[in-house]
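Below: one structure, written as structure tokens.
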Amino acid sequence: MHINTLEKRWLYVALGMIALFVGAMFYTSYSRNIHPPSHVETIDSASLHLSEEFAEDKLGVQPQPLADGRLQVKLVAARYGFYPRQIEVPAGRKIVFRLATLDVLHGVHVPMTNMSTMIVPGFVAEVTTVFPKPGEYPVLCNEYCGLGHDHMWSKLTVVAPDTWRAPTQTGVQQ
Amino acid sequence: MIDANLKKLCLYHLWLAFGAFALACVFGEFQVLERSGLLSIIQSPAVYFASVSTHGVLMGFVLTTFFIMGFGYYTAASSLNMPLWNPTLAWTSFGVCTAGTVMAAIPLLLGKASVLYTFYPPVQANAFFYIGATLLVVGSWIWAAIMLVMLVQWKKAHPGQSVPLPMFANATNCVLWLWTSVGVALEAVFQLLPWALGIVDTIDVGLARTLFAWTLHPIVYFWLIPAYIALYCYVPIAAGGKLFSDELARLAFLLILLFGLPIGFHHLYMDPEQGHEWKLLHMVGTFAVAIPTLLTGFTVVASLEMAGRKSGGKGLFGWIGALPWRNPTVLAALLSLLMLLLGGFGGIVNASYAMNAMVHNTAWVPGHFHLIFGGTVVILYLAIGYRVWPRLCGKALYSTDLALVQLWTWFIGLGVMTTPWHVLGLLGQPRRISSVNYNSVLTLAWDPYELVMIAGGLILLASAALYVYILFRTQTASSAQADAGDDAMTMAPPAAVPGWLNGFLGWNLVILALMAVSYGYPIAQFFLIKTFDPTAWGY
Ligand code: HEM
Ligand SMILES: [Cu+2]
Ligand SMILES: [Cu+2]
């Protein structure tokens, strides 16, 4: 095979660029443990209401944080909303969301943040994030799930850490 | 060798492709209007999602498949200079694909298959939709087989010679497509069809998404390769120069084949059913496949620079102005490269393992693929149409000036439409919504961008209509033009290239190994763990 010197140089530049990108990604993902939601954990979507974790009275912001200090939020996605429909969390705190769908494929996104994951029937989606800024955000569905898809959203209120109070029980709207 | 039957075959394929394209643009314009909320009388999720499903299928599957098959026949017969092998089989393939398209179109238009062109279960469409889509794929396999038979026949008749580059690329695309379509074919045959026909009740959604991802990435290379054939084989000559390097071109096509296949998990970055190690592995492949595109950019720009300097262009950038901008092929290539540069940047954002979370399933995504697919790829399909129509009809192109207007408006329309679309994504607007109902001040900022998109869509629709008009006037002109020649699509054939750059047998083994590594466990896991499969849901 004949490769012209100019071509060769360009090939090195191209390889260098790709190595830089890939290297940066490996570095951030392992040094800071940043991975997309990849929690391979199954659940029977058809009987969520009977499950330990996703029964109606277990949903929402959990009174007890995890041992590592992360606040836990459990949500059920179902046409057309995320339940409970309103949640309140503190800014600047690590929050782990665990979500399951009752029916079809959904996606969840809090706009302009990295709180995003697909919610696939038969699987629990888990995503950890921090909301830096207080405010009201829609929690919206970003995967087509039926003709009411446009209306699938719930409300997230992020409040300053010192005004936030942990809920005393789950399953109620605050 | 292009005989009368082949001309007819190509024209049938290409008319179907561009007819679907123009029709889908009408749907597209309806969609941007509907989702802006400007006209309350047309607001309807049922109509909107039927429309998007039809638009996506027409653009993503019908335009592309028929165009690639028609142009593939043309490329094989002209670059190998041999007659089409088994025309009856070729017409059968056309018949199967057309029957499949019609079969899928009916439920789509009736609103019985509003599952979008990705048809993710457990939302279920009418069974005819899946059967039709399967037939389209099966018909395209017949086409791929015909192409590969012609390749083998030619190599037998020309031992030791290198396959002409256009056919080499075309054959690469056939091999690529056969591998690519296996994923969705498995999904259709073992999951979707039995489930839609009521033979089984439940469906393993994680498995279905994994198999679909297998297809979803390399299919874009299936769409892209004809555009690259134009860039490598037509453009340098049209610009008045020659291809910078034939061997590097072959290497680029082979790298696309190898790296393009085992990387579909970047479509599952945000999915819970696959582990992050697999996603990282596919991320590496996703970046690796940028290499052949970077090589293509270099080779094509270098060829253009040589042409520009030959026609007197001086200085670092002077050669750009010296290029024949009034040649439709050259103009389309320049605009295509420009959109590739912008779209490629967006693609790197999407491919980025972590950053993707910010744009995943937002409006950024359709913005991105309209630019790179509707732009980079389709503008070259359009330019190929301008080149082959005179040769297929024996008539001169109706108007070069109008063709230039058409190409420019396509480019401008895409700029006007996709720029606000990207911004909307960054502002958090999700894709695939027919109206905005989030009771939030955040969404007020979205309105002006949606209005600009309507204007962009209108420009595109006008441009598409003009395109069809030009082709129609070319074909129906009364005066025949002296035959424009066989369009051998070749530069001086290179000295014999090494065997590994001339065939695919060994490469298939490499692909098999790569696919086994990338997909073996991720697919097997669904049989190893206990999954809970949902039943069908309407929409
Ligand atoms: C007049 C020009 C066009 C307009 C106005 C237009 C508009 C649209 C709109 C509004 C959507 C819905 C996106 C969403 O759900 O957020 C869409 C989807 C789509 N468009 Fe276009 N489009 C045009 C041309 C094209 C072209 C040329 C192609 C490719 C060749 C294309 C391919 C697609 C595909 C594959 C989808 C489906 C996306 C999905 O299901 O999420 N479109 N288009
Ligand atoms: Cu949803
Ligand atoms: Cu992809």
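Residues in the structure tokens are named by chain (A, B, ... in the order shown) and by number from 1 within that chain; ligands are numbered from 1 in the order shown.
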Next item on the list: Identify, with DSSP run on backbone atoms, the residues in chain A assigned to strand (DSSP E or B), and express the list as a VMD selection string.
Entry: chain A and resid 42 60 to 61 71 to 78 81 to 83 86 to 90 94 to 101 106 to 109 116 to 119 123 125 to 130 135 to 141 153 to 159
Margin query: List as a list of chain:residue names the protein and nucleic acid residues lying within 8 Å of ligand 3, with only C-alpha atoms and all ligand atoms counted.
Written below: B:Ala213, B:Leu216, B:His217, B:Pro218, B:Val220, B:Ile263, B:Gly264, B:Phe265, B:His266, B:His267, B:Thr286
Those residues you just picked out, can you put them in a file as a tab-separated table (two decimals), in the first residue's frame with all heavy atoms?
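The resulting file, part-v3.tsv, is reproduced below:
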```tsv
chain	number	residue	atom	x	y	z
B	213	ALA	N	-30.26	-1.60	18.26
B	213	ALA	CA	-29.06	-0.76	18.29
B	213	ALA	C	-27.98	-1.34	17.37
B	213	ALA	O	-27.20	-0.60	16.77
B	213	ALA	CB	-28.53	-0.63	19.71
B	216	LEU	N	-29.05	0.12	14.20
B	216	LEU	CA	-29.27	1.57	14.14
B	216	LEU	C	-28.00	2.35	13.86
B	216	LEU	O	-28.04	3.39	13.22
B	216	LEU	CB	-29.91	2.05	15.45
B	216	LEU	CG	-30.44	3.46	15.47
B	216	LEU	CD1	-31.41	3.70	14.33
B	216	LEU	CD2	-31.14	3.74	16.79
B	217	HIS	N	-26.83	1.88	14.36
B	217	HIS	CA	-25.70	2.69	13.96
B	217	HIS	C	-25.20	2.43	12.55
B	217	HIS	O	-25.16	3.34	11.75
B	217	HIS	CB	-24.54	2.71	14.96
B	217	HIS	CG	-23.58	3.76	14.50
B	217	HIS	ND1	-23.87	5.10	14.62
B	217	HIS	CD2	-22.46	3.67	13.78
B	217	HIS	CE1	-22.93	5.79	14.00
B	217	HIS	NE2	-22.06	4.97	13.49
B	218	PRO	N	-24.85	1.19	12.23
B	218	PRO	CA	-24.28	1.01	10.88
B	218	PRO	C	-25.24	1.38	9.75
B	218	PRO	O	-24.78	1.66	8.63
B	218	PRO	CB	-23.89	-0.47	10.83
B	218	PRO	CG	-24.51	-1.11	12.01
B	218	PRO	CD	-24.78	-0.05	13.02
B	220	VAL	N	-26.55	4.03	9.27
B	220	VAL	CA	-26.23	5.37	8.78
B	220	VAL	C	-25.05	5.33	7.81
B	220	VAL	O	-24.94	6.17	6.93
B	220	VAL	CB	-25.98	6.39	9.91
B	220	VAL	CG1	-27.11	6.39	10.92
B	220	VAL	CG2	-24.64	6.17	10.60
B	263	ILE	N	-20.63	-0.91	17.05
B	263	ILE	CA	-20.61	0.25	17.96
B	263	ILE	C	-21.99	0.80	18.30
B	263	ILE	O	-22.11	1.92	18.78
B	263	ILE	CB	-19.76	1.38	17.35
B	263	ILE	CG1	-20.30	1.80	16.00
B	263	ILE	CG2	-18.32	0.95	17.23
B	263	ILE	CD1	-19.54	2.97	15.40
B	264	GLY	N	-23.04	0.01	18.08
B	264	GLY	CA	-24.39	0.55	18.23
B	264	GLY	C	-24.78	0.98	19.64
B	264	GLY	O	-25.79	1.65	19.83
B	265	PHE	N	-23.97	0.62	20.63
B	265	PHE	CA	-24.37	0.93	22.01
B	265	PHE	C	-24.35	2.41	22.33
B	265	PHE	O	-24.84	2.81	23.38
B	265	PHE	CB	-23.48	0.19	23.02
B	265	PHE	CG	-23.95	-1.19	23.30
B	265	PHE	CD1	-24.71	-1.88	22.37
B	265	PHE	CD2	-23.65	-1.82	24.49
B	265	PHE	CE1	-25.14	-3.17	22.61
B	265	PHE	CE2	-24.08	-3.12	24.75
B	265	PHE	CZ	-24.82	-3.79	23.81
B	266	HIS	N	-23.78	3.24	21.44
B	266	HIS	CA	-23.91	4.67	21.78
B	266	HIS	C	-25.37	5.10	21.72
B	266	HIS	O	-25.71	6.16	22.23
B	266	HIS	CB	-23.00	5.55	20.92
B	266	HIS	CG	-23.19	5.42	19.46
B	266	HIS	ND1	-22.19	5.09	18.60
B	266	HIS	CD2	-24.29	5.56	18.69
B	266	HIS	CE1	-22.66	5.05	17.38
B	266	HIS	NE2	-23.93	5.33	17.40
B	267	HIS	N	-26.24	4.26	21.11
B	267	HIS	CA	-27.67	4.56	21.17
B	267	HIS	C	-28.29	4.07	22.47
B	267	HIS	O	-29.46	4.34	22.74
B	267	HIS	CB	-28.39	3.94	19.97
B	267	HIS	CG	-27.94	4.52	18.67
B	267	HIS	ND1	-28.48	5.66	18.14
B	267	HIS	CD2	-26.95	4.17	17.82
B	267	HIS	CE1	-27.87	5.97	17.01
B	267	HIS	NE2	-26.93	5.08	16.80
B	286	THR	N	-16.88	4.00	18.48
B	286	THR	CA	-17.58	5.14	17.90
B	286	THR	C	-16.60	6.23	17.50
B	286	THR	O	-16.74	6.88	16.46
B	286	THR	CB	-18.61	5.68	18.91
B	286	THR	OG1	-19.52	4.63	19.23
B	286	THR	CG2	-19.38	6.85	18.33
```
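Ranking A:Leu11, A:Val89, A:Leu99, A:Leu50 by their shortest atom-to-atom distance to chain B, with only C-alpha atoms included, puts A:Leu11 first.
In this comparison, which uses only C-alpha atoms and all ligand atoms, the residue of A:Pro121, A:Gly148, A:Gly135, A:Pro84 approaching ligand 2 most closely is A:Gly148.
For the residues A:Ala160, A:Met152, A:Ala125, A:Val61, ranking by smallest atom-to-atom distance to chain B using only C-alpha atoms places A:Ala125 first.
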Check: Mind checking DSSP for stretch 364-414 of chain B and telling me the alpha helix (DSSP H) residues as a ChimeraX atom specification?
Finding: /B:364-369,378-393,400-414
Dump as CSV the rows for residues of chain A within 12 Å of ligand 2: closest atom pair and distance in Å with one decimal, only C-alpha atoms and all ligand atoms counted, ordered by chain and rising residue number.
```
residue,atom,partner,partner_atom_place_in_ligand_line,distance
A:Val76,CA,ligand 2,1 (Cu),10.9
A:Ala77,CA,ligand 2,1 (Cu),7.2
A:Ala78,CA,ligand 2,1 (Cu),6.9
A:Arg79,CA,ligand 2,1 (Cu),6.0
A:Tyr80,CA,ligand 2,1 (Cu),6.1
A:Gly81,CA,ligand 2,1 (Cu),7.1
A:Phe82,CA,ligand 2,1 (Cu),8.6
A:Tyr83,CA,ligand 2,1 (Cu),12.0
A:Ala100,CA,ligand 2,1 (Cu),11.7
A:Thr101,CA,ligand 2,1 (Cu),9.1
A:Leu102,CA,ligand 2,1 (Cu),10.6
A:Asp103,CA,ligand 2,1 (Cu),9.3
A:Val104,CA,ligand 2,1 (Cu),7.6
A:Leu105,CA,ligand 2,1 (Cu),6.8
A:His106,CA,ligand 2,1 (Cu),4.2
A:Gly107,CA,ligand 2,1 (Cu),6.2
A:Val108,CA,ligand 2,1 (Cu),7.8
A:His109,CA,ligand 2,1 (Cu),10.7
A:Thr117,CA,ligand 2,1 (Cu),11.8
A:Met118,CA,ligand 2,1 (Cu),9.8
A:Ile119,CA,ligand 2,1 (Cu),8.9
A:Val120,CA,ligand 2,1 (Cu),10.6
A:Pro121,CA,ligand 2,1 (Cu),11.6
A:Val139,CA,ligand 2,1 (Cu),10.8
A:Leu140,CA,ligand 2,1 (Cu),8.0
A:Cys141,CA,ligand 2,1 (Cu),4.6
A:Asn142,CA,ligand 2,1 (Cu),6.7
A:Glu143,CA,ligand 2,1 (Cu),5.8
A:Tyr144,CA,ligand 2,1 (Cu),6.0
A:Cys145,CA,ligand 2,1 (Cu),4.5
A:Gly146,CA,ligand 2,1 (Cu),7.2
A:Leu147,CA,ligand 2,1 (Cu),9.6
A:Gly148,CA,ligand 2,1 (Cu),8.1
A:His149,CA,ligand 2,1 (Cu),5.3
A:Asp150,CA,ligand 2,1 (Cu),8.2
A:His151,CA,ligand 2,1 (Cu),8.5
A:Met152,CA,ligand 2,1 (Cu),5.7
A:Trp153,CA,ligand 2,1 (Cu),8.2
A:Ser154,CA,ligand 2,1 (Cu),11.1
```
Next item on the list: Do a neighbour search on stretch 359-363 of chain B at 10 Å with only C-alpha atoms, toss out local chain neighbours closer than 2 positions, and write the hits as a PyMOL selection string.
Entry: (chain A and resi 107-109+111-114+116-118+141-144) or (chain B and resi 267+269-270+349-350+355-357+365-368+418+420-433)
Just want the 9 Å neighbourhood of stretch 38-49 of chain A, counted on only C-alpha atoms, with same-chain residues fewer than 6 positions away dropped. Output as a PDB file with C-alpha atoms, in the first residue's frame.
```
ATOM      1  CA  ALA A  55     -45.403   0.295  45.907  1.00  0.00           C
ATOM      2  CA  GLU A  56     -47.404   3.502  46.009  1.00  0.00           C
ATOM      3  CA  VAL A  76     -42.701   5.366  38.980  1.00  0.00           C
ATOM      4  CA  ALA A 100     -39.263   2.010  37.135  1.00  0.00           C
ATOM      5  CA  THR A 101     -41.989   2.022  34.533  1.00  0.00           C
ATOM      6  CA  LEU A 102     -45.406   0.530  34.967  1.00  0.00           C
ATOM      7  CA  ASP A 103     -46.172   0.227  31.271  1.00  0.00           C
ATOM      8  CA  PRO A 121     -39.902  -2.026  31.075  1.00  0.00           C
ATOM      9  CA  GLY A 122     -38.442  -4.842  33.137  1.00  0.00           C
ATOM     10  CA  PHE A 123     -35.501  -2.783  34.465  1.00  0.00           C
ATOM     11  CA  VAL A 124     -34.783  -0.347  37.262  1.00  0.00           C
ATOM     12  CA  ALA A 125     -33.057   2.822  36.094  1.00  0.00           C
ATOM     13  CA  GLU A 126     -30.727   4.466  38.559  1.00  0.00           C
ATOM     14  CA  VAL A 127     -29.070   7.840  38.137  1.00  0.00           C
TER      15      VAL A 127
ATOM     16  CA  TYR B 269     -25.773   5.074  26.567  1.00  0.00           C
ATOM     17  CA  MET B 270     -28.744   6.100  28.695  1.00  0.00           C
ATOM     18  CA  ASP B 271     -30.293   2.633  28.927  1.00  0.00           C
ATOM     19  CA  PRO B 272     -30.396   0.658  32.176  1.00  0.00           C
ATOM     20  CA  GLU B 273     -30.206  -2.810  30.616  1.00  0.00           C
ATOM     21  CA  GLN B 274     -26.558  -2.694  29.570  1.00  0.00           C
ATOM     22  CA  GLY B 275     -23.521  -2.291  31.790  1.00  0.00           C
ATOM     23  CA  HIS B 276     -21.196   0.685  31.490  1.00  0.00           C
ATOM     24  CA  GLU B 277     -18.162  -1.417  30.477  1.00  0.00           C
ATOM     25  CA  LYS B 279     -20.914   1.230  26.651  1.00  0.00           C
ATOM     26  CA  ILE B 529     -30.680 -13.510  33.676  1.00  0.00           C
ATOM     27  CA  LYS B 530     -34.369 -13.749  34.405  1.00  0.00           C
ATOM     28  CA  THR B 531     -36.081 -10.922  32.539  1.00  0.00           C
ATOM     29  CA  PHE B 532     -39.650  -9.775  33.022  1.00  0.00           C
ATOM     30  CA  ASP B 533     -41.195  -9.246  29.638  1.00  0.00           C
ATOM     31  CA  PRO B 534     -44.159  -6.909  29.257  1.00  0.00           C
ATOM     32  CA  THR B 535     -47.224  -7.523  27.117  1.00  0.00           C
TER      33      THR B 535
END
```
Note to self: When you look at A:Met17 with a cut-off of 10 Å (counting only C-alpha atoms), what residues show up, excluding the ones that are within fewer than 4 positions of it in the same chain? I need them as a ChimeraX atom specification.
What the structure shows: /A:11-13,21-23 /B:287,290-291
Emit the selected residues as a PDB file, in the first residue's frame, including C-alpha atoms.
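Once everything was written out, this is result.pdb:
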```pdb
ATOM      1  CA  LEU A  11      -3.418  10.120   9.608  1.00  0.00           C
ATOM      2  CA  TYR A  12      -1.241  10.790  12.657  1.00  0.00           C
ATOM      3  CA  VAL A  13      -3.148  13.997  13.383  1.00  0.00           C
ATOM      4  CA  PHE A  21     -10.952  12.384  23.001  1.00  0.00           C
ATOM      5  CA  VAL A  22     -11.046   8.782  24.060  1.00  0.00           C
ATOM      6  CA  GLY A  23      -8.347   9.381  26.666  1.00  0.00           C
TER       7      GLY A  23
ATOM      8  CA  PHE B 287     -14.586   7.451  17.974  1.00  0.00           C
ATOM      9  CA  ALA B 290     -14.372   8.969  12.837  1.00  0.00           C
ATOM     10  CA  ILE B 291     -10.998   8.029  11.342  1.00  0.00           C
TER      11      ILE B 291
END
```
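Taking only C-alpha atoms and all ligand atoms into account, ligand 1 lies nearest to B:Ile459 out of the set B:Ala127, B:Ala4, B:Leu39, B:Ile459.
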Note to self: Residues within 8 Å of A:Gly92, please, as JSON, numbers by chain. Count only C-alpha atoms; anything in the same chain fewer than 4 positions from it doesn't count.
What the structure shows: {"A": [130, 131, 132, 133, 161]}
Store the residues picked out above in a file with all heavy atoms, as a JSON list (two decimals), in the first residue's frame.
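File out_8.json, as written:
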```json
[["chain", "number", "residue", "atom", "x", "y", "z"],
["A", 130, "VAL", "N", -26.59, 16.01, 40.94],
["A", 130, "VAL", "CA", -26.64, 17.12, 41.89],
["A", 130, "VAL", "C", -27.30, 18.27, 41.16],
["A", 130, "VAL", "O", -26.92, 18.56, 40.02],
["A", 130, "VAL", "CB", -25.21, 17.55, 42.31],
["A", 130, "VAL", "CG1", -25.27, 18.77, 43.22],
["A", 130, "VAL", "CG2", -24.46, 16.41, 42.98],
["A", 131, "PHE", "N", -28.29, 18.90, 41.75],
["A", 131, "PHE", "CA", -28.87, 20.10, 41.13],
["A", 131, "PHE", "C", -28.23, 21.32, 41.77],
["A", 131, "PHE", "O", -28.45, 21.58, 42.94],
["A", 131, "PHE", "CB", -30.38, 20.14, 41.33],
["A", 131, "PHE", "CG", -31.10, 18.98, 40.71],
["A", 131, "PHE", "CD1", -31.66, 17.99, 41.49],
["A", 131, "PHE", "CD2", -31.19, 18.87, 39.33],
["A", 131, "PHE", "CE1", -32.31, 16.91, 40.92],
["A", 131, "PHE", "CE2", -31.84, 17.79, 38.75],
["A", 131, "PHE", "CZ", -32.40, 16.81, 39.55],
["A", 132, "PRO", "N", -27.43, 22.05, 41.01],
["A", 132, "PRO", "CA", -26.73, 23.16, 41.64],
["A", 132, "PRO", "C", -27.63, 24.35, 41.96],
["A", 132, "PRO", "O", -27.40, 25.05, 42.93],
["A", 132, "PRO", "CB", -25.66, 23.55, 40.61],
["A", 132, "PRO", "CG", -26.01, 22.85, 39.34],
["A", 132, "PRO", "CD", -27.09, 21.85, 39.60],
["A", 133, "LYS", "N", -28.67, 24.58, 41.14],
["A", 133, "LYS", "CA", -29.44, 25.83, 41.30],
["A", 133, "LYS", "C", -30.86, 25.58, 41.78],
["A", 133, "LYS", "O", -31.58, 24.78, 41.20],
["A", 133, "LYS", "CB", -29.53, 26.55, 39.95],
["A", 133, "LYS", "CG", -28.31, 27.37, 39.61],
["A", 133, "LYS", "CD", -28.60, 28.29, 38.43],
["A", 133, "LYS", "CE", -27.50, 28.19, 37.38],
["A", 133, "LYS", "NZ", -27.89, 27.84, 36.08],
["A", 161, "PRO", "N", -30.44, 24.55, 50.40],
["A", 161, "PRO", "CA", -30.24, 23.45, 51.35],
["A", 161, "PRO", "C", -30.76, 23.76, 52.74],
["A", 161, "PRO", "O", -31.32, 22.89, 53.41],
["A", 161, "PRO", "CB", -28.72, 23.27, 51.38],
["A", 161, "PRO", "CG", -28.21, 23.97, 50.17],
["A", 161, "PRO", "CD", -29.22, 24.95, 49.72]]
```
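Excluding B:Leu109 itself and any same-chain residue fewer than 3 positions from it, the protein and nucleic acid residues within 8 Å of it, counting only C-alpha atoms, are Ala50, Ser51, Thr54, Ala105, Ile106, Lys112 and Ala113 of chain B.
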Grab the residues selected above and save them as a PDB file, in the first residue's frame with N, CA, C and O atoms.
```pdb
ATOM      1  N   ALA B  50     -48.843  10.115  13.664  1.00  0.00           N
ATOM      2  CA  ALA B  50     -48.953   9.344  12.418  1.00  0.00           C
ATOM      3  C   ALA B  50     -48.041   9.975  11.366  1.00  0.00           C
ATOM      4  O   ALA B  50     -47.345   9.281  10.614  1.00  0.00           O
ATOM      5  N   SER B  51     -48.034  11.307  11.352  1.00  0.00           N
ATOM      6  CA  SER B  51     -47.209  12.013  10.372  1.00  0.00           C
ATOM      7  C   SER B  51     -45.716  11.777  10.616  1.00  0.00           C
ATOM      8  O   SER B  51     -44.970  11.453   9.691  1.00  0.00           O
ATOM      9  N   THR B  54     -44.709   8.336   9.593  1.00  0.00           N
ATOM     10  CA  THR B  54     -44.632   8.192   8.140  1.00  0.00           C
ATOM     11  C   THR B  54     -43.412   8.932   7.585  1.00  0.00           C
ATOM     12  O   THR B  54     -42.664   8.388   6.767  1.00  0.00           O
ATOM     13  N   ALA B 105     -47.120   1.350   4.515  1.00  0.00           N
ATOM     14  CA  ALA B 105     -47.663   2.708   4.384  1.00  0.00           C
ATOM     15  C   ALA B 105     -49.130   2.769   4.778  1.00  0.00           C
ATOM     16  O   ALA B 105     -49.577   3.765   5.351  1.00  0.00           O
ATOM     17  N   ILE B 106     -49.863   1.710   4.479  1.00  0.00           N
ATOM     18  CA  ILE B 106     -51.310   1.768   4.746  1.00  0.00           C
ATOM     19  C   ILE B 106     -51.594   1.942   6.248  1.00  0.00           C
ATOM     20  O   ILE B 106     -52.244   2.917   6.635  1.00  0.00           O
ATOM     21  N   LYS B 112     -52.504   3.556  12.305  1.00  0.00           N
ATOM     22  CA  LYS B 112     -52.463   2.267  13.003  1.00  0.00           C
ATOM     23  C   LYS B 112     -51.031   1.824  13.285  1.00  0.00           C
ATOM     24  O   LYS B 112     -50.796   0.694  13.713  1.00  0.00           O
ATOM     25  N   ALA B 113     -50.082   2.666  12.969  1.00  0.00           N
ATOM     26  CA  ALA B 113     -48.680   2.308  13.207  1.00  0.00           C
ATOM     27  C   ALA B 113     -47.905   3.539  13.669  1.00  0.00           C
ATOM     28  O   ALA B 113     -46.794   3.795  13.232  1.00  0.00           O
TER      29      ALA B 113
END
```
Next item on the list: Find the distance between atom CA of B:Asp246 and atom CA of B:Thr215 and write it in Å to one decimal.
Entry: 28.9 Å
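Shortest atom-to-atom contact with ligand 1 among B:Leu6, B:Leu392, B:Ile219, B:Ala185: B:Ile219, counting only C-alpha atoms and all ligand atoms.
Among the candidates A:Ala91, A:Gly171, A:Arg165, A:Thr157, the residue lying nearest to chain B is A:Thr157 (atoms considered: only C-alpha atoms).
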